[in-house]
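Undergrad: Attaching a single structure in structure tokens format; questions to follow.
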Amino acid sequence: MKVGVPREIKNNEFRVAITPAGVHELSRHGHDVFVERGAGLGSAIPDEEFTAAGAKILDGADEVWAEGDLILKVKEPIAPEFHRMRRGQTLFTYLHLAASRECTDALLSSGITAIAYETVQLPSGSLPLLAPMSEVAGRLAPQVGAYNLMAFNGGRGVLPGGVPGVAPGKVVIIGGGVSGLNAAQIAVGMGFDVTILDVNVDRLRHIDAIYQGRLKTLVSNAYTIEQEARAADLVVGAVLIPGAKAPTLISNELVSRMKAGSVLVDIAIDQGGCFEDSRPTTHADPTYKVHESVFYCVANMPGSVPNTSTYALTNVTLPYAVAIADKGWKNALYDDPALTLGLNTHDGRLTYDHVAEAHGLPY
Ligand code: NAD
């Protein structure tokens, strides 16, 4: 099969949908891989590395889309890309169609077969193509938190690990799922005093068993959140209720009683955020003040580390891409129920119920 990998053109998107290892693997399976010139530069992967792995570099996006029977991308197509999609072609990428009627309409009118990373779901209910980005965001949270705790950034001027004779900073992580556990791992490594809250006691048992007393676990409820938030230097919001808006767990009034210069990092901002005052920010202007606290609410945290994020994402997407290229999309889906759940559009029809419901379209 011919596999096309265009350069991402969405604002501030520096990831790319394939690495040299991916090119090598697809080539080994007998497929031709066409990569747009410069597609990997944002992730510090030069064209020469793709060529050495067996890719053919094409000058423009039009050529890549024209060549590819299977198009691998990171983000949903945006307006300048719409005219390149065609019936009979398969697109494998993040789509988040419930959030974009414009993209949904473009996919439907093109007739393309679109498989969304974010709806590929294992029988356990987990989302294997979203998990690596939660890992990245979770591991970044203590890092951006520590940076913003520095006095010149408006923070309390607290060093995460303290020094001998001086207490470490206190971080409270609300939500002990994929991102929360990864945040905890880095926070422990930085020497923070770490507390992690979750509503799921089994999850807390698991975390407690791993950390053997190196962090504290608490059941999440309004009372413990208030106690912990008031004592915290850094709060990380890492909750998720699948398919729903994030619950509001820290009110404006509670922020007014938190320590001056405390920092709140809301990883859950892409689901509306779990602090009352959270609103999405960008890497260009990531923080703002609420009372005396600093809020960081970047909706695409992995975008700040595109090299790591590209490798993390393609590690998990590649096996699916190889299956689609080897067998064709129909047989690949037939053989793998997880991938079947990824199918969002085909031949002008919506094939994913939540997207149809979100837009009031037939399914
Ligand atoms: P997850 O499902 O692995 O974990 C969520 C955890 O929250 C679960 O353990 C759940 O029990 C817990 N939870 C639910 N309600 C709670 C409450 N009231 N109090 C405490 N805990 C509660 O989810 P995840 O993969 O860690 O993702 C978390 C959020 O981060 C999602 O909204 C995800 O989309 C988002 N995310 C954001 C970025 C970013 O760049 N900002 C990147 C990746 C993921």
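In the structure tokens, chains take letters A, B, ... by order of appearance, with residues numbered from 1 within each chain and ligands from 1 in the order shown.
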Counting only C-alpha atoms, give me one row per residue of segment 274-329 of chain A with an atom at most 9 Å from an atom of segment 20-33 of chain A, showing the shortest contact pair and its distance in Å to one decimal, sorted by chain then residue number, as a tab-separated table.
TA:
residue	atom	partner	partner_atom	distance
A:Thr314	CA	A:Gly22	CA	7.5
A:Asn315	CA	A:Gly22	CA	8.3
A:Leu318	CA	A:Gly22	CA	6.4
A:Ala321	CA	A:Leu26	CA	8.4
A:Val322	CA	A:Leu26	CA	6.2
A:Ala325	CA	A:His31	CA	7.3
A:Asp326	CA	A:His29	CA	7.3
Undergrad: Given a cut-off of 6 Å, what residues near ligand 1 show up using only C-alpha atoms and all ligand atoms, put as a VMD selection string?
TA: chain A and resid 131 133 to 134 137 174 to 180 197 to 200 220 238 to 241 267 to 271 298 to 302
Undergrad: Compare A:Glu67, A:Glu76, A:Asp285, A:Asp193 by their minimum atom-to-atom distance to Glu102 of chain A, counting only C-alpha atoms, and give me the closest one.
TA: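 Closest to Glu102 of chain A, using only C-alpha atoms: A:Glu76.
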Undergrad: Extract, using only C-alpha atoms, all DNA, RNA and protein residues at most 12 Å from Glu226 of chain A, discarding same-chain residues fewer than 4 positions from it, and format them as a list in words.
TA: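 Close residues of Glu226 of chain A: Val172, Ile174, Leu197, Ser220, Asn221, Ala222, Arg230, Ala231, Ala232, Val235, Leu249, Ile250, Ser251, Asn252, Glu253, Leu254, Val255, Ser256, Arg257 and Met258 of chain A.
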Undergrad: Kindly give the distance, in Å, that separates atom CA of Ala183 of chain A and atom CA of Arg139 of chain A, rounded to a single decimal.
TA: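 Between atom CA of Ala183 of chain A and atom CA of Arg139 of chain A the gap is 4.8 Å.
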Undergrad: Could you tell me how far atom CA of Ala187 of chain A sits from atom CA of Ala146 of chain A, in Å to one decimal place?
TA: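 Interatomic distance here is 9.3 Å.
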Undergrad: Give me, as a compact mmCIF listing (two decimals) with N, CA and C atoms, in the first residue's frame, all polymer residues having an atom no more than 8 Å from Arg37 of chain A, counting only C-alpha atoms and skipping those fewer than 6 positions away in the same chain.
TA:
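File written: part_27.txt
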# COMPACT_ATOMS: atom_id res chain seq x y z
N ARG A 7 3.02 17.00 6.42
CA ARG A 7 3.46 17.84 7.52
C ARG A 7 2.20 18.40 8.20
N ASP A 47 14.72 15.19 7.29
CA ASP A 47 14.28 14.37 6.13
C ASP A 47 15.24 13.20 5.89
N ILE A 57 10.78 11.33 -0.02
CA ILE A 57 10.38 12.67 0.40
C ILE A 57 9.71 13.38 -0.77
N LEU A 58 8.51 13.92 -0.55
CA LEU A 58 7.81 14.68 -1.60
C LEU A 58 7.75 16.14 -1.17
N ASP A 59 7.75 17.04 -2.19
CA ASP A 59 7.88 18.46 -1.88
C ASP A 59 6.66 19.08 -1.21
N GLY A 60 5.47 18.67 -1.63
CA GLY A 60 4.30 19.38 -1.12
C GLY A 60 3.23 18.45 -0.59
Undergrad: Which is closer to Lys73 of chain A than all the others in A:Val35, A:Leu41, A:Ala17, A:Cys297, using only C-alpha atoms?
TA: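 Using only C-alpha atoms, the shortest distance to Lys73 of chain A belongs to A:Ala17.
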Undergrad: Select, from A:Pro337, A:Pro306, A:Pro142, A:Gly348, the residue with the minimum atom-to-atom distance to Leu264 of chain A, counting only C-alpha atoms.
TA: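 Checking each of A:Pro337, A:Pro306, A:Pro142, A:Gly348 against Leu264 of chain A, counting only C-alpha atoms, the winner is A:Pro142.
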